[in-house]
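**Q** The file below is upload-v2.txt, compact mmCIF, C-alpha atoms:
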# COMPACT_ATOMS: atom_id res chain seq x y z
CA MET N 1 20.70 -42.57 29.48
CA PHE N 2 20.41 -45.55 31.78
CA GLY N 3 22.27 -45.11 35.04
CA SER N 4 24.77 -42.57 33.67
CA LYS N 5 24.96 -39.45 35.80
CA LYS N 6 26.70 -36.58 34.06
CA ASP N 7 28.25 -34.00 36.34
CA PRO N 8 26.53 -30.72 35.37
CA ASN N 9 29.77 -28.87 36.20
CA GLU N 10 31.92 -30.99 33.88
CA GLN N 11 31.80 -28.44 31.04
CA ILE N 12 32.94 -25.62 33.36
CA PHE N 13 35.77 -27.87 34.54
CA LYS N 14 36.78 -28.74 30.94
CA ASP N 15 36.76 -25.05 30.00
CA ALA N 16 38.95 -24.32 33.04
CA CYS N 17 41.41 -27.03 31.96
CA LYS N 18 41.55 -25.56 28.43
CA ALA N 19 42.20 -22.08 29.83
CA TYR N 20 44.96 -23.48 32.06
CA LYS N 21 46.63 -25.22 29.09
CA LYS N 22 46.52 -21.91 27.18
CA GLU N 23 48.20 -20.33 30.25
CA ASP N 24 45.18 -18.05 30.78
CA TYR N 25 45.50 -18.59 34.52
CA ASN N 26 43.07 -15.84 35.59
CA LYS N 27 40.26 -17.38 33.52
CA ALA N 28 41.24 -20.90 34.63
CA ALA N 29 41.17 -19.88 38.30
CA GLU N 30 37.78 -18.24 37.85
CA LEU N 31 36.31 -21.32 36.15
CA PHE N 32 37.91 -23.79 38.58
CA SER N 33 36.49 -21.66 41.40
CA ASP N 34 32.99 -21.72 39.84
CA ALA N 35 33.07 -25.51 39.36
CA ALA N 36 34.56 -26.04 42.84
CA ALA N 37 31.80 -23.93 44.42
CA LEU N 38 29.31 -26.26 42.71
CA GLY N 39 31.01 -29.33 44.22
CA HIS N 40 33.31 -30.57 41.41
CA VAL N 41 36.17 -32.39 43.23
CA GLY N 42 38.56 -32.21 40.26
CA ALA N 43 38.09 -28.44 40.15
CA MET N 44 38.69 -28.22 43.92
CA SER N 45 41.92 -30.18 43.49
CA ASP N 46 43.15 -28.00 40.61
CA LEU N 47 42.14 -24.79 42.37
CA GLY N 48 44.29 -25.94 45.29
CA LEU N 49 47.17 -26.43 42.86
CA MET N 50 46.70 -22.92 41.48
CA TYR N 51 46.89 -21.48 45.01
CA ALA N 52 50.01 -23.57 45.69
CA GLN N 53 51.64 -22.25 42.50
CA GLY N 54 50.25 -18.71 42.64
CA LYS N 55 48.81 -18.94 39.13
CA GLY N 56 45.75 -16.77 38.51
CA VAL N 57 45.35 -16.35 42.28
CA PRO N 58 47.70 -15.24 45.07
CA ARG N 59 50.15 -17.91 46.25
CA ILE N 60 48.56 -18.97 49.56
CA LYS N 61 49.51 -22.45 50.78
CA GLN N 62 46.75 -22.52 53.43
CA GLU N 63 44.16 -21.87 50.72
CA ALA N 64 45.68 -24.65 48.60
CA VAL N 65 45.44 -27.05 51.54
CA LYS N 66 41.82 -26.01 52.19
CA TRP N 67 40.80 -26.93 48.62
CA TRP N 68 42.84 -30.13 48.61
CA ALA N 69 41.17 -31.19 51.86
CA LYS N 70 37.70 -30.67 50.35
CA ALA N 71 38.62 -32.60 47.19
CA ALA N 72 40.38 -35.31 49.21
CA GLU N 73 37.25 -35.86 51.29
CA GLY N 74 35.43 -36.29 47.96
CA GLY N 75 37.86 -39.07 46.98
CA GLU N 76 40.05 -37.19 44.48
CA VAL N 77 43.38 -39.10 44.43
CA LYS N 78 45.72 -36.25 43.43
CA ALA N 79 44.19 -33.99 46.06
CA GLN N 80 44.67 -36.75 48.64
CA HIS N 81 48.32 -37.01 47.55
CA ASN N 82 48.84 -33.23 47.66
CA LEU N 83 47.16 -32.97 51.07
CA ALA N 84 49.33 -35.82 52.37
CA THR N 85 52.45 -34.11 51.02
CA ALA N 86 51.44 -30.87 52.76
CA TYR N 87 51.04 -32.79 56.05
CA ALA N 88 54.39 -34.54 55.55
CA THR N 89 56.25 -31.28 54.91
CA GLY N 90 54.21 -28.96 57.13
CA ASP N 91 53.67 -26.69 54.13
CA GLY N 92 50.50 -24.65 54.71
CA ILE N 93 49.34 -26.89 57.57
CA GLN N 94 50.62 -28.28 60.88
CA GLN N 95 53.19 -31.00 60.06
CA SER N 96 51.90 -34.50 60.87
CA TYR N 97 53.23 -37.78 59.48
CA GLU N 98 50.23 -39.52 61.02
CA ASP N 99 47.81 -37.48 58.88
CA ALA N 100 50.15 -37.70 55.88
CA ILE N 101 50.10 -41.50 56.05
CA VAL N 102 46.29 -41.59 56.25
CA TRP N 103 45.95 -39.53 53.05
CA PHE N 104 48.86 -41.15 51.19
CA ARG N 105 47.26 -44.51 51.93
CA LYS N 106 43.79 -43.44 50.66
CA SER N 107 45.39 -42.24 47.43
CA ALA N 108 47.75 -45.23 47.11
CA ASP N 109 44.91 -47.69 47.70
CA GLN N 110 43.19 -46.13 44.67
CA GLY N 111 46.33 -46.89 42.66
CA TYR N 112 48.05 -43.50 42.59
CA TYR N 113 51.72 -44.30 41.97
CA LYS N 114 53.11 -41.09 43.52
CA SER N 115 51.40 -41.89 46.82
CA GLN N 116 52.64 -45.47 46.66
CA TYR N 117 56.17 -44.12 46.18
CA SER N 118 55.69 -41.68 49.07
CA LEU N 119 54.64 -44.55 51.36
CA TYR N 120 57.80 -46.39 50.30
CA LYS N 121 59.81 -43.35 51.45
CA ILE N 122 57.90 -43.09 54.74
CA TYR N 123 58.37 -46.77 55.66
CA SER N 124 61.97 -47.01 54.42
CA GLN N 125 62.99 -43.96 56.46
CA GLY N 126 60.70 -44.59 59.45
CA LEU N 127 59.00 -41.18 59.21
CA GLY N 128 56.32 -41.16 61.90
CA VAL N 129 56.17 -44.97 61.81
CA GLN N 130 58.37 -47.90 62.71
CA LYS N 131 60.93 -48.36 59.93
CA ASP N 132 59.75 -51.35 57.87
CA GLU N 133 61.80 -52.29 54.82
CA VAL N 134 59.43 -55.07 53.77
CA LYS N 135 56.36 -52.81 53.83
CA ALA N 136 58.40 -50.09 52.10
CA ALA N 137 59.35 -52.54 49.33
CA GLU N 138 55.72 -53.64 48.90
CA TRP N 139 54.66 -50.04 48.19
CA LEU N 140 57.65 -49.49 45.92
CA ILE N 141 56.81 -52.56 43.85
CA LYS N 142 53.26 -51.23 43.34
CA ALA N 143 54.60 -47.89 42.09
CA ALA N 144 57.23 -49.55 39.87
CA GLU N 145 54.62 -51.86 38.33
CA GLN N 146 52.90 -48.69 37.09
CA MET N 147 56.13 -47.78 35.30
CA TYR N 148 56.97 -44.82 37.53
CA PRO N 149 60.66 -44.26 36.62
CA LYS N 150 61.78 -43.15 40.12
CA ALA N 151 60.20 -46.28 41.61
CA GLU N 152 61.75 -48.53 38.96
CA LEU N 153 65.19 -47.08 39.72
CA GLU N 154 64.76 -47.48 43.49
CA LEU N 155 63.42 -51.01 43.10
CA GLY N 156 66.40 -51.93 40.95
CA ARG N 157 68.64 -50.67 43.75
CA LEU N 158 66.66 -52.63 46.35
CA TYR N 159 67.13 -55.84 44.37
CA ILE N 160 70.88 -55.17 44.48
CA SER N 161 70.99 -54.42 48.23
CA GLY N 162 68.31 -56.92 49.31
CA ASP N 163 66.67 -54.34 51.62
CA GLY N 164 63.08 -55.56 52.14
CA VAL N 165 63.28 -57.94 49.17
CA GLU N 166 65.29 -61.01 48.27
CA ALA N 167 68.37 -59.81 46.39
CA SER N 168 68.21 -60.63 42.69
CA GLU N 169 70.56 -59.34 40.03
CA LYS N 170 68.13 -60.47 37.33
CA LEU N 171 65.26 -58.40 38.79
CA ALA N 172 67.62 -55.49 39.51
CA VAL N 173 68.64 -55.40 35.85
CA LYS N 174 64.99 -55.71 34.71
CA TYR N 175 63.83 -52.67 36.71
CA LEU N 176 66.94 -50.61 36.03
CA LYS N 177 66.55 -51.18 32.28
CA ARG N 178 62.91 -50.13 32.52
CA ALA N 179 63.86 -47.03 34.50
CA ALA N 180 66.50 -46.14 31.90
CA ARG N 181 63.95 -46.64 29.07
CA HIS N 182 61.57 -44.30 30.92
CA GLY N 183 64.19 -41.55 31.12
CA GLU N 184 65.83 -42.16 34.50
CA GLU N 185 69.44 -41.49 33.44
CA SER N 186 71.07 -42.56 36.73
CA ALA N 187 69.74 -46.09 36.09
CA VAL N 188 72.27 -46.39 33.26
CA GLU N 189 75.11 -45.70 35.72
CA VAL N 190 73.82 -48.32 38.17
CA LEU N 191 73.59 -50.86 35.33
CA LYS N 192 77.20 -50.10 34.38
CA ASP N 193 78.25 -50.72 38.01
CA ILE N 194 76.48 -54.11 37.99
CA ARG N 195 78.18 -55.14 34.76
CA GLY N 196 81.51 -53.73 35.93
CA ASP N 197 81.84 -51.40 32.91
In structure tokens, how does this file's structure come out?

**A**
Amino acid sequence: MFGSKKDPNEQIFKDACKAYKKEDYNKAAELFSDAAALGHVGAMSDLGLMYAQGKGVPRIKQEAVKWWAKAAEGGEVKAQHNLATAYATGDGIQQSYEDAIVWFRKSADQGYYKSQYSLYKIYSQGLGVQKDEVKAAEWLIKAAEQMYPKAELELGRLYISGDGVEASEKLAVKYLKRAARHGEESAVEVLKDIRGD
């Protein structure tokens, strides 16, 4: 194999994922723990999730945050998002929008739509930063372009209001229709309001 480095812990991680899908949480936690101890960032991230949910392990938010922090440092996007969310809410760690933004941004810059949407919320509400509707809209557009239904709905609304973007009924309808197609039922109501139904 030229230049391909297989993670020796990948099989343990895959077995842990299979156990989790079968709802054998004790076995999943044990395997995620084994792979995490050997440095597998995906396993660290999922072990954090298990501690957050109390599946196969006691529900301990601080332990969840500890594993997410390790995985986040290793570049795992979902762990970065979960760590950022913990900082934003103060759940299992000292609340800090400053730290939340750092981690949301690392995850969002790697293309994770949930972090992009979270940055939209932070900038649109001015949480720990100067309120900035243009920057908020930029992050929202990125999340909507990945077909995240919540982001499509919000973007449709922004194109109606003109907050941070140039108002455009055509673009509003485009994103609201996409949101409706992707299961966001309230988008249908907004579309009816636009059409005056």

**Q** So how many Å separate CA of Tyr97 in chain N and CA of Leu127 in chain N, to one decimal?

**A**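 About the pair CA of Tyr97 in chain N and CA of Leu127 in chain N: they are 6.7 Å apart.
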
**Q** Please provide as a count of residues only all residues within 9 Å of Ala144 in chain N, with the sequence filter that same-chain residues fewer than 3 positions apart are discarded (counting all atoms listed in the file).

**A** 16

**Q** Val188 in chain N: which residues within 12 Å, counting all atoms listed in the file, same-chain residues fewer than 6 positions away excluded, as a PyMOL selection string?

**A** chain N and resi 153+156-157+172-182+194-195+197

**Q** Output C-alpha atoms for every residue in the selection just made, as a PDB file, keeping the file's coordinate frame.

**A**
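again-v3.pdb written:
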ATOM      1  CA  LEU N 153      65.190 -47.080  39.720  1.00  0.00           C
ATOM      2  CA  GLY N 156      66.400 -51.930  40.950  1.00  0.00           C
ATOM      3  CA  ARG N 157      68.640 -50.670  43.750  1.00  0.00           C
ATOM      4  CA  ALA N 172      67.620 -55.490  39.510  1.00  0.00           C
ATOM      5  CA  VAL N 173      68.640 -55.400  35.850  1.00  0.00           C
ATOM      6  CA  LYS N 174      64.990 -55.710  34.710  1.00  0.00           C
ATOM      7  CA  TYR N 175      63.830 -52.670  36.710  1.00  0.00           C
ATOM      8  CA  LEU N 176      66.940 -50.610  36.030  1.00  0.00           C
ATOM      9  CA  LYS N 177      66.550 -51.180  32.280  1.00  0.00           C
ATOM     10  CA  ARG N 178      62.910 -50.130  32.520  1.00  0.00           C
ATOM     11  CA  ALA N 179      63.860 -47.030  34.500  1.00  0.00           C
ATOM     12  CA  ALA N 180      66.500 -46.140  31.900  1.00  0.00           C
ATOM     13  CA  ARG N 181      63.950 -46.640  29.070  1.00  0.00           C
ATOM     14  CA  HIS N 182      61.570 -44.300  30.920  1.00  0.00           C
ATOM     15  CA  ILE N 194      76.480 -54.110  37.990  1.00  0.00           C
ATOM     16  CA  ARG N 195      78.180 -55.140  34.760  1.00  0.00           C
ATOM     17  CA  ASP N 197      81.840 -51.400  32.910  1.00  0.00           C
TER      18      ASP N 197
END

**Q** Skip Leu38 in chain N itself and residues of its chain fewer than 4 positions away, then list as an MDAnalysis selection string all residues within 12 Å of it, counting all atoms listed in the file.

**A** chainID N and resid 7:10 12:13 31:34 42:44

**Q** Using CA of His40 in chain N and CA of Ala64 in chain N as the two end points, give the distance in Å to one decimal.

**A**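 CA of His40 in chain N sits 15.5 Å away from CA of Ala64 in chain N.
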
**Q** For Ile122 in chain N, which of N:Ala187, N:Ala84, N:Ala72, N:Ile93 is the closest residue, counting all atoms listed in the file?

**A**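 Checking each of N:Ala187, N:Ala84, N:Ala72, N:Ile93 against Ile122 in chain N, counting all atoms listed in the file, the winner is N:Ala84.
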
**Q** Using only C-alpha atoms, can you tell me which of N:Asn82, N:Tyr20, N:Gly111, N:Ile60 comes closest to Glu145 in chain N?

**A**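 For Glu145 in chain N, the nearest of the candidates is N:Gly111.
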
**Q** Using all atoms listed in the file, which of N:Gln11, N:Ser118, N:Asn26, N:Gln125 sits nearest Gly56 in chain N?

**A** N:Asn26

**Q** Pick out the closest residue to Gln53 in chain N from this set: N:Leu158, N:Val77, N:Ala69, N:Ala29. Count all atoms listed in the file.

**A**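 Under the stated criterion, the closest residue is N:Ala29.
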
**Q** Compile the contact shell of Lys61 in chain N as an MDAnalysis selection string: residues with an atom at most 7 Å away, counting only C-alpha atoms, same-chain residues fewer than 4 positions apart removed.

**A** chainID N and resid 51:52 65 91:92

**Q** Can you list, as a list in words, every protein, DNA or RNA residue that comes within 12 Å of Val129 in chain N when you count all atoms listed in the file, leaving out same-chain residues fewer than 3 positions away?

**A**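 Residues near the query, excluding close chain neighbours: Ser96, Tyr97, Glu98, Asp99, Ala100, Ile101, Val102, Leu119, Tyr120, Lys121, Ile122, Tyr123, Ser124, Gln125, Gly126, Asp132, Glu133, Lys135 and Ala136 of chain N.
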
**Q** Rounded to one decimal in Å, what is the spacing between CA of Val41 in chain N and CA of Lys22 in chain N?

**A**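 Between these atoms lies a distance of 21.8 Å.
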
**Q** Can you save range 119-168 of chain N of the given block to a file, including N, CA and C atoms and formatted as a compact mmCIF listing (two decimals), in the first residue's frame?

**A**
# COMPACT_ATOMS: atom_id res chain seq x y z
N LEU N 119 -23.08 29.23 14.25
CA LEU N 119 -22.43 30.54 14.10
C LEU N 119 -23.42 31.58 13.58
N TYR N 120 -24.34 31.16 12.72
CA TYR N 120 -25.42 32.06 12.29
C TYR N 120 -26.18 32.56 13.52
N LYS N 121 -26.55 31.63 14.41
CA LYS N 121 -27.31 32.00 15.61
C LYS N 121 -26.51 32.96 16.49
N ILE N 122 -25.23 32.66 16.68
CA ILE N 122 -24.37 33.49 17.53
C ILE N 122 -24.27 34.92 16.99
N TYR N 123 -24.02 35.05 15.68
CA TYR N 123 -23.86 36.40 15.10
C TYR N 123 -25.20 37.12 14.95
N SER N 124 -26.27 36.39 14.69
CA SER N 124 -27.57 37.06 14.53
C SER N 124 -28.12 37.54 15.87
N GLN N 125 -27.74 36.86 16.96
CA GLN N 125 -28.23 37.24 18.28
C GLN N 125 -27.20 38.05 19.08
N GLY N 126 -25.96 38.13 18.56
CA GLY N 126 -24.91 38.86 19.27
C GLY N 126 -24.52 38.19 20.58
N LEU N 127 -24.35 36.87 20.55
CA LEU N 127 -24.00 36.11 21.75
C LEU N 127 -22.48 36.09 21.93
N GLY N 128 -21.98 36.93 22.80
CA GLY N 128 -20.55 36.99 23.06
C GLY N 128 -19.76 37.71 21.98
N VAL N 129 -20.46 38.23 20.98
CA VAL N 129 -19.83 38.99 19.89
C VAL N 129 -20.75 40.15 19.54
N GLN N 130 -20.21 41.07 18.78
CA GLN N 130 -21.02 42.16 18.23
C GLN N 130 -22.04 41.54 17.27
N LYS N 131 -23.30 41.91 17.42
CA LYS N 131 -24.34 41.41 16.49
C LYS N 131 -23.94 41.82 15.08
N ASP N 132 -23.98 40.86 14.15
CA ASP N 132 -23.55 41.12 12.77
C ASP N 132 -24.43 40.30 11.83
N GLU N 133 -25.46 40.94 11.29
CA GLU N 133 -26.42 40.23 10.45
C GLU N 133 -25.81 39.74 9.14
N VAL N 134 -24.85 40.49 8.62
CA VAL N 134 -24.21 40.08 7.36
C VAL N 134 -23.37 38.81 7.58
N LYS N 135 -22.56 38.81 8.64
CA LYS N 135 -21.74 37.64 8.95
C LYS N 135 -22.64 36.45 9.29
N ALA N 136 -23.73 36.72 10.02
CA ALA N 136 -24.69 35.67 10.36
C ALA N 136 -25.24 35.04 9.08
N ALA N 137 -25.64 35.88 8.13
CA ALA N 137 -26.20 35.39 6.87
C ALA N 137 -25.19 34.57 6.08
N GLU N 138 -23.92 34.99 6.11
CA GLU N 138 -22.88 34.25 5.39
C GLU N 138 -22.78 32.82 5.90
N TRP N 139 -22.82 32.66 7.24
CA TRP N 139 -22.76 31.31 7.82
C TRP N 139 -24.02 30.52 7.50
N LEU N 140 -25.16 31.20 7.52
CA LEU N 140 -26.43 30.54 7.24
C LEU N 140 -26.48 30.03 5.80
N ILE N 141 -25.97 30.83 4.88
CA ILE N 141 -25.94 30.42 3.47
C ILE N 141 -25.11 29.14 3.32
N LYS N 142 -23.97 29.08 4.01
CA LYS N 142 -23.11 27.89 3.93
C LYS N 142 -23.86 26.65 4.42
N ALA N 143 -24.59 26.79 5.52
CA ALA N 143 -25.34 25.65 6.06
C ALA N 143 -26.49 25.27 5.14
N ALA N 144 -27.18 26.26 4.58
CA ALA N 144 -28.31 26.01 3.68
C ALA N 144 -27.85 25.35 2.38
N GLU N 145 -26.66 25.73 1.91
CA GLU N 145 -26.14 25.13 0.68
C GLU N 145 -25.85 23.64 0.86
N GLN N 146 -25.74 23.20 2.11
CA GLN N 146 -25.54 21.77 2.38
C GLN N 146 -26.87 21.08 2.64
N MET N 147 -27.95 21.78 2.30
CA MET N 147 -29.31 21.25 2.40
C MET N 147 -29.71 20.89 3.83
N TYR N 148 -29.28 21.71 4.77
CA TYR N 148 -29.71 21.56 6.16
C TYR N 148 -31.07 22.25 6.27
N PRO N 149 -32.16 21.49 6.49
CA PRO N 149 -33.51 22.05 6.44
C PRO N 149 -33.75 23.28 7.33
N LYS N 150 -33.23 23.26 8.57
CA LYS N 150 -33.39 24.43 9.45
C LYS N 150 -32.78 25.67 8.84
N ALA N 151 -31.60 25.49 8.24
CA ALA N 151 -30.89 26.62 7.61
C ALA N 151 -31.63 27.11 6.37
N GLU N 152 -32.18 26.19 5.60
CA GLU N 152 -32.94 26.57 4.41
C GLU N 152 -34.17 27.40 4.81
N LEU N 153 -34.85 26.96 5.85
CA LEU N 153 -36.03 27.69 6.35
C LEU N 153 -35.64 29.10 6.80
N GLU N 154 -34.60 29.18 7.63
CA GLU N 154 -34.15 30.48 8.14
C GLU N 154 -33.70 31.40 7.01
N LEU N 155 -33.00 30.82 6.04
CA LEU N 155 -32.51 31.63 4.92
C LEU N 155 -33.68 32.15 4.09
N GLY N 156 -34.68 31.32 3.90
CA GLY N 156 -35.88 31.77 3.21
C GLY N 156 -36.50 32.96 3.93
N ARG N 157 -36.55 32.88 5.25
CA ARG N 157 -37.09 33.99 6.06
C ARG N 157 -36.22 35.24 5.93
N LEU N 158 -34.89 35.04 5.90
CA LEU N 158 -33.98 36.19 5.77
C LEU N 158 -34.19 36.89 4.43
N TYR N 159 -34.41 36.11 3.37
CA TYR N 159 -34.64 36.73 2.07
C TYR N 159 -35.97 37.49 2.02
N ILE N 160 -36.88 37.16 2.92
CA ILE N 160 -38.13 37.93 3.02
C ILE N 160 -37.86 39.24 3.78
N SER N 161 -37.17 39.12 4.93
CA SER N 161 -36.94 40.29 5.79
C SER N 161 -35.83 41.20 5.29
N GLY N 162 -34.84 40.62 4.57
CA GLY N 162 -33.69 41.40 4.13
C GLY N 162 -32.66 41.64 5.22
N ASP N 163 -32.71 40.85 6.30
CA ASP N 163 -31.73 40.99 7.39
C ASP N 163 -30.41 40.33 7.00
N GLY N 164 -29.40 41.14 6.71
CA GLY N 164 -28.07 40.62 6.37
C GLY N 164 -27.91 40.20 4.92
N VAL N 165 -29.02 40.20 4.17
CA VAL N 165 -28.99 39.86 2.75
C VAL N 165 -29.90 40.84 2.02
N GLU N 166 -29.75 40.90 0.70
CA GLU N 166 -30.66 41.73 -0.08
C GLU N 166 -31.98 40.95 -0.22
N ALA N 167 -33.07 41.58 0.17
CA ALA N 167 -34.38 40.91 0.11
C ALA N 167 -34.66 40.42 -1.30
N SER N 168 -35.18 39.19 -1.39
CA SER N 168 -35.49 38.61 -2.70
C SER N 168 -36.58 37.56 -2.52
